[in-house]
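*Asks:* I'm passing along entry.tsv; it holds TSV, C-alpha atoms and all ligand atoms.
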```tsv
chain	number	residue	atom	x	y	z
A	28	SER	CA	0.00	0.00	0.00
A	29	LYS	CA	0.98	3.63	-0.39
A	30	SER	CA	2.95	5.32	2.34
A	31	TYR	CA	3.83	8.92	3.18
A	32	ASN	CA	6.62	10.44	5.27
A	33	VAL	CA	5.39	13.02	7.73
A	34	ALA	CA	7.68	15.35	9.70
A	35	LEU	CA	6.13	15.87	13.11
A	36	LEU	CA	6.83	19.11	15.00
A	37	PRO	CA	4.87	18.99	18.27
A	38	GLY	CA	6.61	22.17	19.48
A	39	ASP	CA	5.90	24.03	22.70
A	40	GLY	CA	3.28	24.18	25.43
A	41	THR	CA	0.14	22.26	24.56
A	42	GLY	CA	1.49	21.53	21.06
A	43	PRO	CA	2.49	17.94	21.92
A	44	GLU	CA	-0.92	17.22	23.50
A	45	VAL	CA	-2.91	18.32	20.46
A	46	ILE	CA	-0.50	16.74	17.97
A	47	ARG	CA	-0.88	13.41	19.79
A	48	GLU	CA	-4.64	13.48	19.10
A	49	GLY	CA	-4.16	14.71	15.55
A	50	VAL	CA	-1.81	11.81	14.85
A	51	LYS	CA	-4.29	9.38	16.42
A	52	VAL	CA	-7.07	10.56	14.12
A	53	ILE	CA	-5.13	10.74	10.85
A	54	GLU	CA	-3.62	7.32	11.55
A	55	ALA	CA	-7.15	5.93	11.97
A	56	ALA	CA	-8.12	7.56	8.66
A	57	ALA	CA	-5.03	6.09	6.99
A	58	LYS	CA	-5.84	2.61	8.26
A	59	LYS	CA	-9.43	2.87	7.03
A	60	ASN	CA	-8.23	3.98	3.59
A	61	ASN	CA	-5.33	1.52	3.27
A	62	PHE	CA	-2.31	3.76	3.28
A	63	LYS	CA	0.52	4.29	5.74
A	64	LEU	CA	1.90	7.35	7.49
A	65	ASN	CA	5.51	7.24	8.72
A	66	PHE	CA	6.17	9.89	11.33
A	67	THR	CA	9.57	11.37	12.17
A	68	ASN	CA	9.67	13.49	15.29
A	69	TYR	CA	11.51	16.85	15.52
A	70	ASP	CA	11.97	18.50	18.92
A	71	LEU	CA	12.14	22.09	17.63
A	72	GLY	CA	10.86	24.69	20.08
A	73	GLY	CA	11.55	26.54	23.30
A	74	GLU	CA	12.92	23.62	25.33
A	75	ARG	CA	15.53	22.71	22.76
A	76	TYR	CA	16.48	26.35	22.33
A	77	MET	CA	17.00	26.85	26.08
A	78	LYS	CA	19.03	23.64	26.36
A	79	THR	CA	21.22	23.99	23.26
A	80	GLY	CA	20.81	27.54	21.97
A	81	GLU	CA	19.70	26.04	18.67
A	82	VAL	CA	16.56	27.40	17.06
A	83	LEU	CA	16.41	25.78	13.62
A	84	PRO	CA	19.59	24.33	12.08
A	85	GLU	CA	19.99	24.72	8.28
A	86	SER	CA	20.48	20.96	7.99
A	87	VAL	CA	17.03	20.35	9.47
A	88	ILE	CA	15.43	22.62	6.85
A	89	GLU	CA	17.15	20.53	4.18
A	90	GLU	CA	15.76	17.35	5.80
A	91	PHE	CA	12.22	18.75	5.74
A	92	LYS	CA	12.43	19.20	1.98
A	93	LYS	CA	12.54	15.42	1.60
A	94	PHE	CA	9.27	14.80	3.45
A	95	ASP	CA	5.84	14.50	1.86
A	96	VAL	CA	4.32	16.84	4.43
A	97	MET	CA	4.81	18.44	7.85
A	98	TYR	CA	2.50	18.55	10.88
A	99	LEU	CA	3.07	21.27	13.49
A	100	GLY	CA	1.60	21.68	16.99
A	101	ALA	CA	2.56	25.15	18.24
A	102	ILE	CA	5.59	27.40	18.58
A	103	GLY	CA	6.06	29.91	21.44
A	104	HIS	CA	7.51	29.55	24.95
A	105	PRO	CA	6.85	31.83	27.97
A	106	ASP	CA	10.53	31.77	29.02
A	107	VAL	CA	11.83	32.81	25.60
A	108	LYS	CA	11.70	36.43	24.43
A	109	PRO	CA	8.78	36.87	21.96
A	110	GLY	CA	9.94	36.74	18.35
A	111	ILE	CA	12.93	34.43	18.68
A	112	LEU	CA	11.01	31.19	18.16
A	113	GLU	CA	8.19	32.65	16.07
A	114	LYS	CA	10.59	34.28	13.61
A	115	GLY	CA	13.34	31.67	13.98
A	116	ILE	CA	11.15	28.61	13.46
A	117	LEU	CA	7.64	29.30	12.17
A	118	LEU	CA	8.34	32.22	9.84
A	119	LYS	CA	11.72	30.79	8.84
A	120	LEU	CA	10.10	27.52	7.74
A	121	ARG	CA	7.39	29.34	5.80
A	122	PHE	CA	10.03	31.45	4.02
A	123	GLU	CA	12.79	28.86	3.47
A	124	LEU	CA	10.37	26.19	2.28
A	125	ASP	CA	8.62	28.82	0.13
A	126	GLN	CA	5.22	27.97	1.59
A	127	TYR	CA	3.72	30.95	-0.13
A	128	ILE	CA	0.07	30.23	0.63
A	129	ASN	CA	-1.42	30.31	4.10
A	130	LEU	CA	-4.74	28.59	3.62
A	131	ARG	CA	-7.29	29.16	6.37
A	132	PRO	CA	-10.74	27.64	5.95
A	133	VAL	CA	-13.43	29.27	8.07
A	134	LYS	CA	-16.37	27.01	8.70
A	135	LEU	CA	-18.95	26.97	11.46
A	136	TYR	CA	-19.52	23.34	12.47
A	137	PRO	CA	-22.77	22.03	13.98
A	138	ASN	CA	-23.12	22.49	17.76
A	139	VAL	CA	-20.28	25.01	17.78
A	140	GLU	CA	-21.17	28.34	19.29
A	141	THR	CA	-20.46	31.51	17.31
A	142	PRO	CA	-20.54	34.93	18.96
A	143	LEU	CA	-22.53	36.17	15.94
A	144	LYS	CA	-26.24	36.49	16.52
A	145	ASP	CA	-28.52	34.42	14.28
A	146	LYS	CA	-25.74	32.90	12.16
A	147	LYS	CA	-25.88	29.23	11.24
A	148	PRO	CA	-23.29	26.86	9.72
A	149	ALA	CA	-24.56	27.68	6.20
A	150	ASP	CA	-23.78	31.37	6.80
A	151	ILE	CA	-20.15	30.91	7.81
A	152	ASP	CA	-18.30	28.92	5.16
A	153	MET	CA	-15.36	30.57	3.44
A	154	VAL	CA	-11.63	30.19	2.83
A	155	ILE	CA	-9.07	32.89	3.43
A	156	VAL	CA	-5.97	32.74	1.24
A	157	ARG	CA	-3.17	34.68	2.93
A	158	GLU	CA	0.07	35.44	1.11
A	159	ASN	CA	2.72	33.85	3.33
A	160	THR	CA	6.22	34.86	2.20
A	161	GLU	CA	6.15	38.61	1.50
A	162	GLY	CA	4.63	41.87	2.69
A	163	ILE	CA	5.59	43.45	5.98
A	164	TYR	CA	6.66	40.04	7.32
A	165	ILE	CA	9.81	40.09	5.24
A	166	GLY	CA	11.68	42.14	7.86
A	167	ALA	CA	12.72	45.08	5.67
A	168	GLY	CA	13.45	48.21	7.61
A	169	GLY	CA	15.36	49.20	10.70
A	170	PHE	CA	16.12	51.87	13.24
A	171	LEU	CA	17.61	55.31	12.86
A	172	ARG	CA	19.17	57.04	15.89
A	173	LYS	CA	18.18	54.06	18.04
A	174	ASP	CA	17.53	54.70	21.73
A	175	THR	CA	17.55	58.47	21.31
A	176	LEU	CA	14.59	60.81	21.60
A	177	GLN	CA	14.82	61.25	17.81
A	178	GLU	CA	14.53	57.53	17.11
A	179	VAL	CA	12.83	56.43	13.89
A	180	ALA	CA	11.71	52.89	13.06
A	181	THR	CA	10.72	51.83	9.56
A	182	GLN	CA	9.09	48.57	8.47
A	183	GLU	CA	8.44	48.19	4.78
A	184	SER	CA	5.96	45.97	3.00
A	185	ILE	CA	7.58	44.16	0.08
A	186	ASN	CA	5.19	43.01	-2.67
A	187	THR	CA	6.58	41.42	-5.82
A	188	ARG	CA	4.54	40.96	-8.97
A	189	PHE	CA	5.68	37.32	-9.01
A	190	GLY	CA	4.69	36.71	-5.37
A	191	VAL	CA	1.34	38.44	-5.68
A	192	GLU	CA	0.47	36.76	-8.97
A	193	ARG	CA	1.11	33.20	-7.77
A	194	CYS	CA	-1.00	33.88	-4.67
A	195	VAL	CA	-3.87	35.45	-6.57
A	196	ARG	CA	-3.89	32.65	-9.16
A	197	TYR	CA	-3.91	30.02	-6.41
A	198	ALA	CA	-6.97	31.77	-4.95
A	199	PHE	CA	-8.76	31.87	-8.33
A	200	ASP	CA	-8.05	28.15	-8.88
A	201	LEU	CA	-9.35	27.34	-5.40
A	202	THR	CA	-12.50	29.43	-5.91
A	203	LYS	CA	-13.22	27.54	-9.09
A	204	LYS	CA	-13.18	24.24	-7.17
A	205	ARG	CA	-15.58	25.41	-4.47
A	206	ALA	CA	-19.30	24.87	-4.76
A	207	LYS	CA	-20.47	28.10	-3.17
A	208	ASN	CA	-21.12	31.10	-5.36
A	209	ASN	CA	-17.74	31.28	-7.07
A	210	LYS	CA	-16.77	34.65	-5.75
A	211	LEU	CA	-13.23	35.78	-4.99
A	212	THR	CA	-12.80	38.88	-2.84
A	213	LEU	CA	-9.53	40.78	-2.91
A	214	CYS	CA	-8.91	42.37	0.48
A	215	GLY	CA	-6.56	45.38	0.53
A	216	LYS	CA	-6.41	49.07	1.31
A	217	THR	CA	-6.32	50.79	-2.08
A	218	ASN	CA	-7.48	54.12	-0.63
A	219	VAL	CA	-4.24	54.48	1.39
A	220	LEU	CA	-1.67	51.90	0.25
A	221	THR	CA	-1.55	53.39	-3.23
A	222	PHE	CA	1.55	51.36	-4.16
A	223	ALA	CA	1.19	47.97	-2.49
A	224	SER	CA	-2.57	47.53	-2.82
A	225	ASP	CA	-2.46	49.00	-6.31
A	226	LEU	CA	-0.04	46.29	-7.43
A	227	TRP	CA	-2.35	43.67	-5.88
A	228	GLN	CA	-5.41	45.09	-7.62
A	229	ARG	CA	-3.80	45.31	-11.07
A	230	THR	CA	-2.41	41.78	-10.73
A	231	PHE	CA	-5.81	40.53	-9.58
A	232	ASN	CA	-7.59	42.19	-12.52
A	233	VAL	CA	-5.23	40.67	-15.09
A	234	ALA	CA	-5.56	37.17	-13.58
A	235	ALA	CA	-9.36	37.56	-13.40
A	236	LYS	CA	-9.51	37.57	-17.23
A	237	ASP	CA	-8.46	33.90	-17.15
A	238	TYR	CA	-11.35	33.01	-14.83
A	239	PRO	CA	-14.48	34.34	-16.56
A	240	THR	CA	-16.84	32.23	-14.42
A	241	ILE	CA	-15.60	33.75	-11.16
A	242	LYS	CA	-16.98	36.99	-9.83
A	243	GLY	CA	-14.01	39.12	-8.77
A	244	ASP	CA	-14.71	41.53	-5.96
A	245	TYR	CA	-12.71	44.12	-4.04
A	246	VAL	CA	-13.25	45.16	-0.41
A	247	ASN	CA	-11.01	47.32	1.81
A	248	VAL	CA	-9.61	45.47	4.81
A	249	ASP	CA	-11.44	47.58	7.39
A	250	ALA	CA	-14.73	46.90	5.63
A	251	VAL	CA	-13.87	43.18	5.43
A	252	CYS	CA	-13.69	43.19	9.25
A	253	MET	CA	-17.07	44.84	9.37
A	254	TRP	CA	-18.76	42.43	6.96
A	255	LEU	CA	-17.16	39.35	8.54
A	256	VAL	CA	-19.09	40.22	11.68
A	257	LYS	CA	-22.28	41.50	10.09
A	258	ASN	CA	-22.69	39.43	6.90
A	259	PRO	CA	-20.18	36.56	6.79
A	260	GLU	CA	-22.40	34.79	4.24
A	261	TRP	CA	-21.25	37.31	1.63
A	262	PHE	CA	-17.81	35.69	1.47
A	263	ASP	CA	-16.66	32.63	-0.46
A	264	VAL	CA	-12.88	32.98	-0.92
A	265	ILE	CA	-10.88	36.00	0.26
A	266	VAL	CA	-7.31	36.65	-0.93
A	267	THR	CA	-5.04	39.12	0.85
A	268	ASP	CA	-1.51	40.00	1.89
A	269	ASN	CA	0.46	38.59	4.82
A	270	LEU	CA	-0.39	41.12	7.53
A	271	PHE	CA	-4.03	41.73	6.60
A	272	GLY	CA	-4.36	37.95	6.36
A	273	ASP	CA	-2.90	37.47	9.82
A	274	ILE	CA	-5.40	39.90	11.30
A	275	ILE	CA	-8.59	38.93	9.46
A	276	THR	CA	-7.98	35.21	10.05
A	277	ASP	CA	-7.99	35.77	13.82
A	278	LEU	CA	-11.31	37.59	13.48
A	279	ALA	CA	-12.59	34.82	11.23
A	280	ALA	CA	-11.38	32.17	13.68
A	281	MET	CA	-13.51	33.70	16.41
A	282	ILE	CA	-16.69	33.70	14.31
A	283	GLN	CA	-16.19	29.99	13.59
A	284	GLY	CA	-15.96	29.17	17.28
A	285	GLY	CA	-12.44	30.15	18.33
A	286	MET	CA	-8.91	28.82	18.31
A	287	GLY	CA	-10.18	25.43	19.43
A	288	VAL	CA	-11.43	24.74	15.91
A	289	ALA	CA	-9.42	27.00	13.56
A	290	SER	CA	-6.73	25.41	11.45
A	291	GLY	CA	-4.58	26.22	8.49
A	292	GLY	CA	-1.93	25.13	6.08
A	293	ASN	CA	1.33	26.70	4.94
A	294	ILE	CA	1.36	25.50	1.38
A	295	ASN	CA	4.02	25.24	-1.27
A	296	PRO	CA	2.10	23.71	-4.19
A	297	GLU	CA	5.40	22.64	-5.78
A	298	GLY	CA	7.14	21.53	-2.56
A	299	VAL	CA	6.55	20.48	1.03
A	300	SER	CA	3.65	21.98	3.00
A	301	MET	CA	3.04	22.32	6.73
A	302	PHE	CA	-0.29	22.06	8.56
A	303	GLU	CA	-1.04	23.54	11.97
A	304	PRO	CA	-3.80	24.63	14.32
A	305	MET	CA	-4.11	28.41	14.27
A	306	GLY	CA	-3.84	28.87	18.02
A	307	GLY	CA	-0.61	29.25	19.93
A	308	SER	CA	1.11	27.07	22.52
A	309	ALA	CA	-1.33	28.08	25.33
A	310	PRO	CA	1.34	27.58	28.05
A	311	LYS	CA	-1.06	28.00	30.96
A	312	TYR	CA	-2.91	24.83	29.93
A	313	THR	CA	0.20	22.71	29.36
A	314	GLY	CA	0.14	19.18	30.71
A	315	GLN	CA	-3.46	19.32	31.92
A	316	ASN	CA	-5.05	17.37	29.07
A	317	ILE	CA	-7.80	20.00	28.73
A	318	ILE	CA	-6.91	21.78	25.48
A	319	ASN	CA	-9.19	21.32	22.46
A	320	PRO	CA	-7.52	19.13	19.81
A	321	ILE	CA	-10.17	19.74	17.11
A	322	ALA	CA	-8.22	22.53	15.37
A	323	THR	CA	-5.23	20.18	15.09
A	324	ILE	CA	-7.46	17.36	13.86
A	325	ASN	CA	-8.91	19.72	11.24
A	326	ALA	CA	-5.34	20.60	10.23
A	327	GLY	CA	-4.83	16.84	9.88
A	328	ALA	CA	-7.70	16.69	7.39
A	329	LEU	CA	-6.06	19.48	5.36
A	330	LEU	CA	-2.79	17.54	5.52
A	331	LEU	CA	-4.43	14.39	4.13
A	332	GLU	CA	-5.98	16.36	1.31
A	333	ASN	CA	-2.59	17.89	0.53
A	334	ILE	CA	-0.88	14.49	0.12
A	335	GLY	CA	-3.62	13.44	-2.28
A	336	GLU	CA	-5.78	11.40	0.12
A	337	ALA	CA	-8.99	13.36	-0.41
A	338	LYS	CA	-11.26	10.50	0.69
A	339	ALA	CA	-9.41	10.14	4.02
A	340	ALA	CA	-9.57	13.91	4.48
A	341	LYS	CA	-13.33	13.84	3.95
A	342	ASP	CA	-13.59	10.94	6.42
A	343	VAL	CA	-11.82	12.99	9.10
A	344	ASP	CA	-14.05	15.97	8.42
A	345	ASN	CA	-17.15	13.78	8.71
A	346	ALA	CA	-15.83	12.21	11.92
A	347	VAL	CA	-15.34	15.69	13.42
A	348	ILE	CA	-18.90	16.62	12.43
A	349	LYS	CA	-20.27	13.40	13.99
A	350	ALA	CA	-18.29	13.97	17.19
A	351	LEU	CA	-19.71	17.50	17.42
A	352	GLU	CA	-23.23	16.34	16.59
A	353	SER	CA	-23.04	13.74	19.36
A	354	GLY	CA	-23.37	16.61	21.83
A	355	LYS	CA	-20.69	15.05	24.04
A	356	ILE	CA	-18.33	18.01	23.66
A	357	LYS	CA	-19.82	20.79	25.77
A	358	SER	CA	-17.69	23.71	24.61
A	359	MET	CA	-14.80	24.50	22.28
A	360	SER	CA	-12.80	26.21	25.05
A	361	ALA	CA	-9.96	24.63	27.01
A	362	GLY	CA	-11.15	23.25	30.33
A	363	LYS	CA	-14.83	23.55	29.44
A	364	MET	CA	-15.19	20.71	26.95
A	365	GLY	CA	-16.62	18.28	29.52
A	366	LEU	CA	-14.10	15.81	28.06
A	367	SER	CA	-10.31	15.64	28.17
A	368	THR	CA	-8.07	16.29	25.18
A	369	THR	CA	-7.53	12.53	24.89
A	370	GLU	CA	-11.26	11.79	25.08
A	371	VAL	CA	-12.07	14.26	22.31
A	372	GLY	CA	-9.41	12.61	20.12
A	373	ASP	CA	-10.82	9.17	20.95
A	374	LEU	CA	-14.36	10.32	20.19
A	375	VAL	CA	-13.40	11.65	16.73
A	376	ALA	CA	-11.33	8.52	16.00
A	377	SER	CA	-14.30	6.32	16.98
A	378	TYR	CA	-16.18	7.56	13.91
A	379	LEU	CA	-13.45	6.41	11.54
B	401	LIG	C1	-0.06	33.04	12.73
B	401	LIG	C2	0.72	33.59	13.87
B	401	LIG	C3	2.12	33.95	13.38
B	401	LIG	C4	1.97	34.99	12.30
B	401	LIG	C5	3.07	34.43	14.49
B	401	LIG	C6	3.19	33.43	15.62
B	401	LIG	C7	4.43	34.76	13.95
B	401	LIG	O1	0.08	34.68	14.45
B	401	LIG	O2	0.29	31.96	12.23
B	401	LIG	O3	-1.05	33.67	12.32
B	401	LIG	O4	1.92	36.20	12.58
B	401	LIG	O5	1.91	34.59	11.14
B	402	MN	MN	-1.81	35.15	13.54
```
Taking this structure as input, can you express it in the form of structure tokens?
*Replies:*
Amino acid sequence: SKSYNVALLPGDGTGPEVIREGVKVIEAAAKKNNFKLNFTNYDLGGERYMKTGEVLPESVIEEFKKFDVMYLGAIGHPDVKPGILEKGILLKLRFELDQYINLRPVKLYPNVETPLKDKKPADIDMVIVRENTEGIYIGAGGFLRKDTLQEVATQESINTRFGVERCVRYAFDLTKKRAKNNKLTLCGKTNVLTFASDLWQRTFNVAAKDYPTIKGDYVNVDAVCMWLVKNPEWFDVIVTDNLFGDIITDLAAMIQGGMGVASGGNINPEGVSMFEPMGGSAPKYTGQNIINPIATINAGALLLENIGEAKAAKDVDNAVIKALESGKIKSMSAGKMGLSTTEVGDLVASYL
């Protein structure tokens, strides 16, 4: 039977606890669909950094390139200065492995509470395509007259025609495959970012000519925030830059029930991709077996789809829906589920 090599990066805090359940569920899906997953564990994260001073060796990046796919828990440690691990591991992997798409599906599952009044699962069903290797995340800029009263800090957003075009085309292709209303919304800030957003809009308009069946739409990022709360049903696929994508996907995660369910993928369509829950390492819940593993399990479904096992991915998605429909999981929040992390994983796996 077919087999796939998966690099496992449990990471920090509650990362290992949620990854354990994710692995349990995707292994069950693999068994059911007659393929094999071979996992190789990598101990990247805060503990290794504090012990050895090593964040992410170049040689490890080279090793990752040989895998079929990567599965990440969470990066971020309370005893390490913010930025070191996030930039040194997470962003470095996205950049070095050229995972230029950050794919974040936003879907309200049955029995999951949304803070939006009167919205049902049918109203909240979209995908956000976030550019993942450019923009303000690139680290261009610096300080002038640092630590003086005249200090100046600059941080520039870098947008290449090449980078924007591959992202926009990915989003058009994805929109075409979705059943909804075949609408792609470009999210920017053309009224202020007259260089960066202008490049995005022109690139979007040229690409749109190759997708005559898709309705291309443009909405400013501030208005996107407004409509995500008021009329989320208006959206099908949204494409946007790295920073706007970071911000609107947190908002979108909350309307789908929070970090307990939100997942995403860092995708290089021509190389190796990495799937992760959207939430962080949640250090205060570490070791208590009370964190929600559903986001990581959902990331597992995206992982299976990425390696070409669409049927197994659908099975995992259906198992999550059945587990939620069972009513046995009381809440999506850590400590309030009425079940342990392990029990939620077992429940989902029981439907496979
Ligand atoms: C995310 C996170 C990261 C980001 C941080 C941890 C660097 O917020 O995946 O959305 O800003 O991309
Ligand atoms: Mn974020």
*Asks:* Tell me which residues come within 12 Å of (4.3, 31.7, -10.2), as number ranges by chain, counting all atoms listed in the file in the file's coordinates.
*Replies:* A: 125, 127-128, 187-197, 234, 295-297
*Asks:* Counting all atoms listed in the file, figure out which residue out of A:Ile185, A:Ala250, A:Val375, A:Ile116 gets nearest to Leu226 of chain A.
*Replies:* A:Ile185
*Asks:* Kindly provide, as a list in words, all nucleotide and amino acid residues lying within 9 Å of ligand MN 402 (chain B), counting only C-alpha atoms and all ligand atoms.
*Replies:*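 Taking only C-alpha atoms and all ligand atoms into account, the residues around ligand MN 402 (chain B) at most 9 Å away are Leu270, Gly272, Asp273, Ile274, Ile275, Thr276, Asp277, Met305, Gly306 and Gly307 of chain A.
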*Asks:* Any idea what the distance is between atom CA of Asn209 of chain A and atom CA of Val266 of chain A?
*Replies:*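 A separation of 13.2 Å between them.
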*Asks:* What are the centre and the three edge lengths of an axis-aligned box that wraps all atoms of ligand LIG 401 (chain B) in the file, given that 6 Å is added to every side, written as lines of an AutoDock Vina configuration file and rounded to one decimal in Å?
*Replies:*
```
center_x = 1.7
center_y = 34.1
center_z = 13.4
size_x = 17.5
size_y = 16.2
size_z = 16.5
```
*Asks:* Select the residues contacting ligand LIG 401 (chain B) at a distance of at most 10 Å, based on all atoms listed in the file, then format the selection as a PyMOL selection string.
*Replies:* chain A and resi 101-103+109-119+121+129+131+157+159-160+164+269-270+272-277+290-293+303-308
*Asks:* Pick out the closest residue to Ser184 of chain A from this set: A:Asp268, A:Asp200, A:Asp152, A:Asp373. Count only C-alpha atoms.
*Replies:*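 Counting only C-alpha atoms, the residue closest to Ser184 of chain A is A:Asp268.
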*Asks:* Which residue, A:Pro259, A:Pro142, A:Pro148, A:Gly372, has the smallest gap to Ile46 of chain A when you use all atoms listed in the file?
*Replies:* A:Gly372
*Asks:* May I have the residues within 10 Å of Thr369 of chain A as a ChimeraX atom specification, using only C-alpha atoms and disregarding those fewer than 5 positions away in the same chain?
*Replies:* /A:44-45,47-48,51,316-320,374
*Asks:* Could you please determine the separation between atom CA of Gly354 of chain A and atom CA of Asn333 of chain A in Å, to one decimal place?
*Replies:*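 Between these atoms lies a distance of 29.8 Å.
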*Asks:* Would you work out the distance separating atom CA of Ile282 of chain A from atom CA of Pro132 of chain A, expressed in Å to one decimal?
*Replies:*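 If I compute the distance from atom CA of Ile282 of chain A to atom CA of Pro132 of chain A, I get 11.9 Å.
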*Asks:* Once you've located segment 246-267 of chain A in the structure I gave, write it as a PDB file, in the first residue's frame, keeping N, CA and C atoms.
*Replies:*
```pdb
ATOM      1  N   VAL A 246     -12.767  44.520  -1.639  1.00  0.00           N
ATOM      2  CA  VAL A 246     -13.252  45.155  -0.408  1.00  0.00           C
ATOM      3  C   VAL A 246     -12.046  45.616   0.418  1.00  0.00           C
ATOM      4  N   ASN A 247     -12.081  46.839   0.921  1.00  0.00           N
ATOM      5  CA  ASN A 247     -11.014  47.317   1.809  1.00  0.00           C
ATOM      6  C   ASN A 247     -10.979  46.495   3.104  1.00  0.00           C
ATOM      7  N   VAL A 248      -9.784  46.354   3.656  1.00  0.00           N
ATOM      8  CA  VAL A 248      -9.612  45.473   4.813  1.00  0.00           C
ATOM      9  C   VAL A 248     -10.458  45.886   6.018  1.00  0.00           C
ATOM     10  N   ASP A 249     -10.617  47.169   6.245  1.00  0.00           N
ATOM     11  CA  ASP A 249     -11.441  47.582   7.389  1.00  0.00           C
ATOM     12  C   ASP A 249     -12.898  47.181   7.175  1.00  0.00           C
ATOM     13  N   ALA A 250     -13.355  47.311   5.935  1.00  0.00           N
ATOM     14  CA  ALA A 250     -14.732  46.905   5.633  1.00  0.00           C
ATOM     15  C   ALA A 250     -14.878  45.377   5.693  1.00  0.00           C
ATOM     16  N   VAL A 251     -13.819  44.645   5.313  1.00  0.00           N
ATOM     17  CA  VAL A 251     -13.871  43.182   5.428  1.00  0.00           C
ATOM     18  C   VAL A 251     -14.142  42.790   6.880  1.00  0.00           C
ATOM     19  N   CYS A 252     -13.464  43.470   7.827  1.00  0.00           N
ATOM     20  CA  CYS A 252     -13.688  43.187   9.253  1.00  0.00           C
ATOM     21  C   CYS A 252     -15.147  43.418   9.627  1.00  0.00           C
ATOM     22  N   MET A 253     -15.688  44.497   9.097  1.00  0.00           N
ATOM     23  CA  MET A 253     -17.072  44.838   9.375  1.00  0.00           C
ATOM     24  C   MET A 253     -18.022  43.756   8.842  1.00  0.00           C
ATOM     25  N   TRP A 254     -17.825  43.390   7.569  1.00  0.00           N
ATOM     26  CA  TRP A 254     -18.757  42.431   6.958  1.00  0.00           C
ATOM     27  C   TRP A 254     -18.570  41.020   7.500  1.00  0.00           C
ATOM     28  N   LEU A 255     -17.352  40.683   7.945  1.00  0.00           N
ATOM     29  CA  LEU A 255     -17.156  39.353   8.538  1.00  0.00           C
ATOM     30  C   LEU A 255     -18.039  39.180   9.771  1.00  0.00           C
ATOM     31  N   VAL A 256     -18.255  40.278  10.483  1.00  0.00           N
ATOM     32  CA  VAL A 256     -19.090  40.216  11.682  1.00  0.00           C
ATOM     33  C   VAL A 256     -20.576  40.340  11.324  1.00  0.00           C
ATOM     34  N   LYS A 257     -20.865  41.221  10.386  1.00  0.00           N
ATOM     35  CA  LYS A 257     -22.275  41.497  10.088  1.00  0.00           C
ATOM     36  C   LYS A 257     -22.886  40.530   9.066  1.00  0.00           C
ATOM     37  N   ASN A 258     -22.155  40.275   7.978  1.00  0.00           N
ATOM     38  CA  ASN A 258     -22.688  39.433   6.896  1.00  0.00           C
ATOM     39  C   ASN A 258     -21.659  38.422   6.378  1.00  0.00           C
ATOM     40  N   PRO A 259     -21.232  37.500   7.221  1.00  0.00           N
ATOM     41  CA  PRO A 259     -20.180  36.563   6.791  1.00  0.00           C
ATOM     42  C   PRO A 259     -20.593  35.729   5.578  1.00  0.00           C
ATOM     43  N   GLU A 260     -21.909  35.594   5.370  1.00  0.00           N
ATOM     44  CA  GLU A 260     -22.395  34.785   4.243  1.00  0.00           C
ATOM     45  C   GLU A 260     -22.055  35.410   2.892  1.00  0.00           C
ATOM     46  N   TRP A 261     -21.630  36.667   2.884  1.00  0.00           N
ATOM     47  CA  TRP A 261     -21.247  37.314   1.631  1.00  0.00           C
ATOM     48  C   TRP A 261     -19.947  36.757   1.068  1.00  0.00           C
ATOM     49  N   PHE A 262     -19.146  36.096   1.906  1.00  0.00           N
ATOM     50  CA  PHE A 262     -17.809  35.688   1.466  1.00  0.00           C
ATOM     51  C   PHE A 262     -17.738  34.221   1.046  1.00  0.00           C
ATOM     52  N   ASP A 263     -16.940  33.986   0.016  1.00  0.00           N
ATOM     53  CA  ASP A 263     -16.663  32.628  -0.457  1.00  0.00           C
ATOM     54  C   ASP A 263     -15.170  32.380  -0.275  1.00  0.00           C
ATOM     55  N   VAL A 264     -14.334  33.011  -1.122  1.00  0.00           N
ATOM     56  CA  VAL A 264     -12.883  32.981  -0.924  1.00  0.00           C
ATOM     57  C   VAL A 264     -12.401  34.431  -0.836  1.00  0.00           C
ATOM     58  N   ILE A 265     -11.500  34.675   0.108  1.00  0.00           N
ATOM     59  CA  ILE A 265     -10.876  36.003   0.259  1.00  0.00           C
ATOM     60  C   ILE A 265      -9.382  35.825   0.039  1.00  0.00           C
ATOM     61  N   VAL A 266      -8.770  36.702  -0.754  1.00  0.00           N
ATOM     62  CA  VAL A 266      -7.312  36.653  -0.929  1.00  0.00           C
ATOM     63  C   VAL A 266      -6.730  37.976  -0.444  1.00  0.00           C
ATOM     64  N   THR A 267      -5.605  37.900   0.278  1.00  0.00           N
ATOM     65  CA  THR A 267      -5.044  39.117   0.855  1.00  0.00           C
ATOM     66  C   THR A 267      -3.569  38.961   1.188  1.00  0.00           C
TER      67      THR A 267
END
```
